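So the structure is just underneath, and the comments pick up after that.
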Amino acid sequence: MDGHPSSNDVVLNLPDHHAQGKVKKKDTLVLAYKTLGVVFGGLVTSPLYVYPSMPLKSPTEEDYLGIYSIMFWTLTLIGLVKYANIAIKADDHGEGGTFALYSLLCRHFNIGILPSKQTGLNFDRTTETHTWLAKLFEKSIVARRLLLFIAMLGTCMLIGDGILTPAISVLSAMDGVRAPFPSINKTTVEALSAVILIFLFLLQKFGTSRVSFLFSPIMGAWTLCTPLVGIYSIIHYYPSIFKALSPHYIFHFFMRNGKSGWLLLGGTVLCITGSEAMFADLGHFNPRSIQIAFIFTIYPSLVLTYAGQTAYLIKNPNDYNDGFYKFIPTPVYWPIFIISTLAAIVASQSLISATFSVIKQSVVLDYFPRVKIVHTSHNNEGEVYSPEVNYILMVLCVAVILIFGDGKDIGNAFGVVVSLVMLITTILLTLVMIMIWRTPVILVSLYFGVFFVIEGVYVSAVFTKFAEGGWIPFAISLILVFIMFGWFYGRQRKIDYEITHKITFERLEERLADCSVQRVPGLCFFYSNIQDGLTPILGHYIKNMKSLHKVTIFTTLRYLLVPKVAPHERIVIKNSNLKGVYCCVIQYGYADALNIEGDDFVDQVINSLKIHVQNCPDNLSSDSQVIVEEASSLEEARCAGVVHVRGKTRFYIGPNCSWFDKIMLGFYEILHSNCRSGLPAVGVSLQQRIEVGMLYEA
């Protein structure tokens, strides 16, 4: 059974609540205002820590002009051109981010790894004329695994961003309290920052919707205030600062400073931190609203703020270690301090929420062990919370602050995350241009040449700081990649075993013909990971229980590489030609909320079965009495009792297994033993659950 309903399949017809009409200009402007508090928190608060993160030594006026020119063109090329005008168009049914780019490629071409994840909904790959690159990926398992690794690394780096953004943002904002109170030492600032972060993480279980109405006004105030201070600083200290927009200042900077100028790129790259959110948060807004907000508010605000900071530093060249608060005029110091602290908290919240969303997408696509996912809003399906992930993030954030309290070390770590995520997006976006968009070779070469060189130089600079904090995100990301790959490898081996040893309907019919096997009253949902055939656990179950329920529905929860599945395509029913035996596929996208309760789930499936019975070609030509009897048997079975049966399988790792299998499958078994069950996702009560144990030979 594939993901495309055939003429014999019946799908549940429910009203489509996600039908999108034409978005009005007013609604777009309102959305653009809301993006200030959700999308751009990390990007617009970057002036707090960019200059303090640079290893400057006796900088001159020419040095500062060169640094500002680098930051201006980085914001213009990467922020304005790449993300706001190119990447934003590469959405996967409205969803963005590195994982969305990977799923977009998988839906168009047969380059996925897991068999059950290779097809999308309502998409026929045969209509594609494959490019040489697409053929290379389809033929080479090494190329497909490398592509998956790149997508996984991008996802893990974004999670690392969720750890480092709260740490560096809150720490940099709280550092402002030391200027008016010099007696306060660095340790006290770190302790205060840790307390604020702990409080922020403890609030996550209530959901962001209850306080999110404050986010946009806070970020709006920050976005307005900092450029005003910047304009004042430009007029007061260095009115001719904008001559640095000429790129020749960049060339002079590198010619004069050489290697030390190249190393400074590890700090300047932080000016573009958070730009990935423009692409990653597409699912919560629309491209037009994000473009309007960035082009007309965020971009000019950052250009003016950095210009003001640089103008101040040209006249006060040794104040770079506190490059933000020193350039704030005394009369507005405390209001700006309060706004900056609140803005840092908002920026932290946006990355924490993004981390929850990424983990949820990875879980539903079976690339990450199952953790508890709570939907904290009835109106916004994308607003999720995971207790386990939340407390792990909290511990790691606080540890980063207390152990690596120096802003430069955290800045070095942050630079690695920012530059690598940008580079991964460039690589995946280039593949989309070549394989899907069929962009002319000249334009692809221009795009890849410009951005790969810029981001490659940034990556090379931040890697020199590996020993000085840059190893932090690598350690976190490699652990996460190992977890993701270990889980993925175990799931793949398990599915391969089930496909190889699956039970056909002919074999099931033979087993049911055995007089020792009884059909007992009741309705049974028998869960399986495969659609084309039946799970080998069924044979194990019948052999030992010597029974099968009168109505048995072999159910597969199938997550597709699309963000959302239309409600009328959610439940697909197919007949098995055996009395009382049906197949049911519940289809979900990675951005869908799997929040139906057990009784609602049963109701929906029963209704789908009744529609299937009525529309089945065999029944249309027969007496209506047959239809009535089959429908009544469904109700009788339900009244007799509903039970949900799933397999509790483990690998038998024998002496003949390779060392790689022993390590990876052993690690998978540890993850599988400690992750959550898949059944609570549909609200199945404990009293209705049965788990059948079986060993799979590795």
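Following the order of the structure tokens, first chain is A, next is B, and so on, with residues numbered from 1 inside each chain and ligands from 1 in the order they appear.
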Out of segment 182-416 of chain A, which residues get strand (DSSP E) from DSSP, as a list in words?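 Filtering segment 182-416 of chain A to strand (DSSP E) leaves Val374, His375, Val384 and Tyr385 of chain A.
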Looking only at the backbone, which of the residues in segment 1-244 of chain A does DSSP tag as helix (DSSP H, G or I), as a PyMOL selection string? chain A and resi 25-38+41-44+46-48+51-53+61-89+98-108+115-117+125-127+132-139+141-178+186-202+204-206+208-210+212-237+241-244
For each of A:Cys657, A:Val44, A:Ala640, A:Met484, take the minimum atom-to-atom distance to Ile359 of chain A, counting only C-alpha atoms, then give the residue where this is smallest.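 Result for the nearest residue to Ile359 of chain A: A:Met484.
Using only C-alpha atoms, the contacts of segment 36-40 of chain A at a cut-off of 7 Å, with sequence neighbours closer than 3 positions omitted, comprise Tyr33, Leu43, Val44, Phe215, Ser216, Met219, Gly220, Gly274, Ala277, Met278, Asp281, Val346 and Ser350 of chain A.
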Please determine, counting only C-alpha atoms, which residue among A:Val585, A:Ile436, A:Ala179, A:Leu478 has the shortest atom-to-atom distance to Gly323 of chain A.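 For Gly323 of chain A, the nearest of the candidates is A:Ala179.
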Which residues, written as a list of chain:residue names, have at least one atom at most 7 Å from segment 63-72 of chain A, with only C-alpha atoms counted and residues fewer than 4 positions away on the same chain left out?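 Close residues of segment 63-72 of chain A: A:Pro59, A:Thr76, A:Ala244, A:Leu245, A:Pro247, A:Tyr249, A:Ile250, A:Phe253, A:Thr268, A:Cys271, A:Val303, A:Ala307, A:Thr310, A:Ile314.
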Separation of atom CA of Glu630 of chain A and atom CA of Pro536 of chain A, in Å?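 One can read the atom CA of Glu630 of chain A to atom CA of Pro536 of chain A distance as 27.6 Å.
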Of the candidates A:Val50, A:Leu534, A:Met174, A:Cys225, which one gets nearest to Glu506 of chain A if we count only C-alpha atoms?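 Of the candidates, the smallest distance to Glu506 of chain A is held by A:Leu534.
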Nearby residues (only C-alpha atoms) at most 9 Å from segment 643-645 of chain A, same-chain spacing under 5 positions excluded, as a ChimeraX atom specification: /A:522-527,679,684,687-692
Same residues, C-alpha atoms, saved as a compact mmCIF listing (two decimals), in the first residue's frame:
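Once everything was written out, this is result_15.txt:
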# COMPACT_ATOMS: atom_id res chain seq x y z
CA GLY A 522 -14.21 -7.18 19.81
CA LEU A 523 -12.43 -4.55 17.76
CA CYS A 524 -8.63 -4.72 17.52
CA PHE A 525 -6.23 -2.07 16.20
CA PHE A 526 -3.08 -3.99 15.28
CA TYR A 527 -0.23 -1.51 14.73
CA LEU A 679 0.59 4.71 21.27
CA VAL A 684 -4.88 5.15 24.01
CA GLN A 687 -6.37 -0.60 29.93
CA GLN A 688 -6.79 -0.93 26.15
CA ARG A 689 -3.11 -1.53 25.36
CA ILE A 690 -1.45 -4.89 24.69
CA GLU A 691 2.24 -5.22 23.86
CA VAL A 692 3.52 -8.35 22.13
May I ask for the distance between atom CA of Asp366 of chain A and atom CA of Arg493 of chain A, given in Å to one decimal place? 12.9 Å
What's the 8 Å shell around Ser477 of chain A, counting only C-alpha atoms, without same-chain residues fewer than 2 positions away, as a PyMOL selection string? chain A and resi 153+156-157+159-160+473-475+479-481
One number please: atom CA of Ala100 of chain A to atom CA of Glu669 of chain A, in Å, one decimal.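 Answer for the atom CA of Ala100 of chain A to atom CA of Glu669 of chain A separation: 28.4 Å.
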Pick out the residues sitting within 10 Å of segment 418-426 of chain A, and hand them over as a ChimeraX atom specification; count only C-alpha atoms, and ignore anything fewer than 5 positions along from it in its own chain. /A:78,82-83,87,97-99,101-102,150-151,153-158,160-161,266,269-276,279,413,431-432,447-448,451-463
Just checking: using only C-alpha atoms, which residue out of A:Gln492, A:Met545, A:Tyr367, A:Leu393 ends up closest to Leu148 of chain A? A:Tyr367
Which residue gives the smallest distance to Arg370 of chain A among A:Ile586, A:Arg491, A:Ile198, A:Val417, with only C-alpha atoms counted? A:Arg491
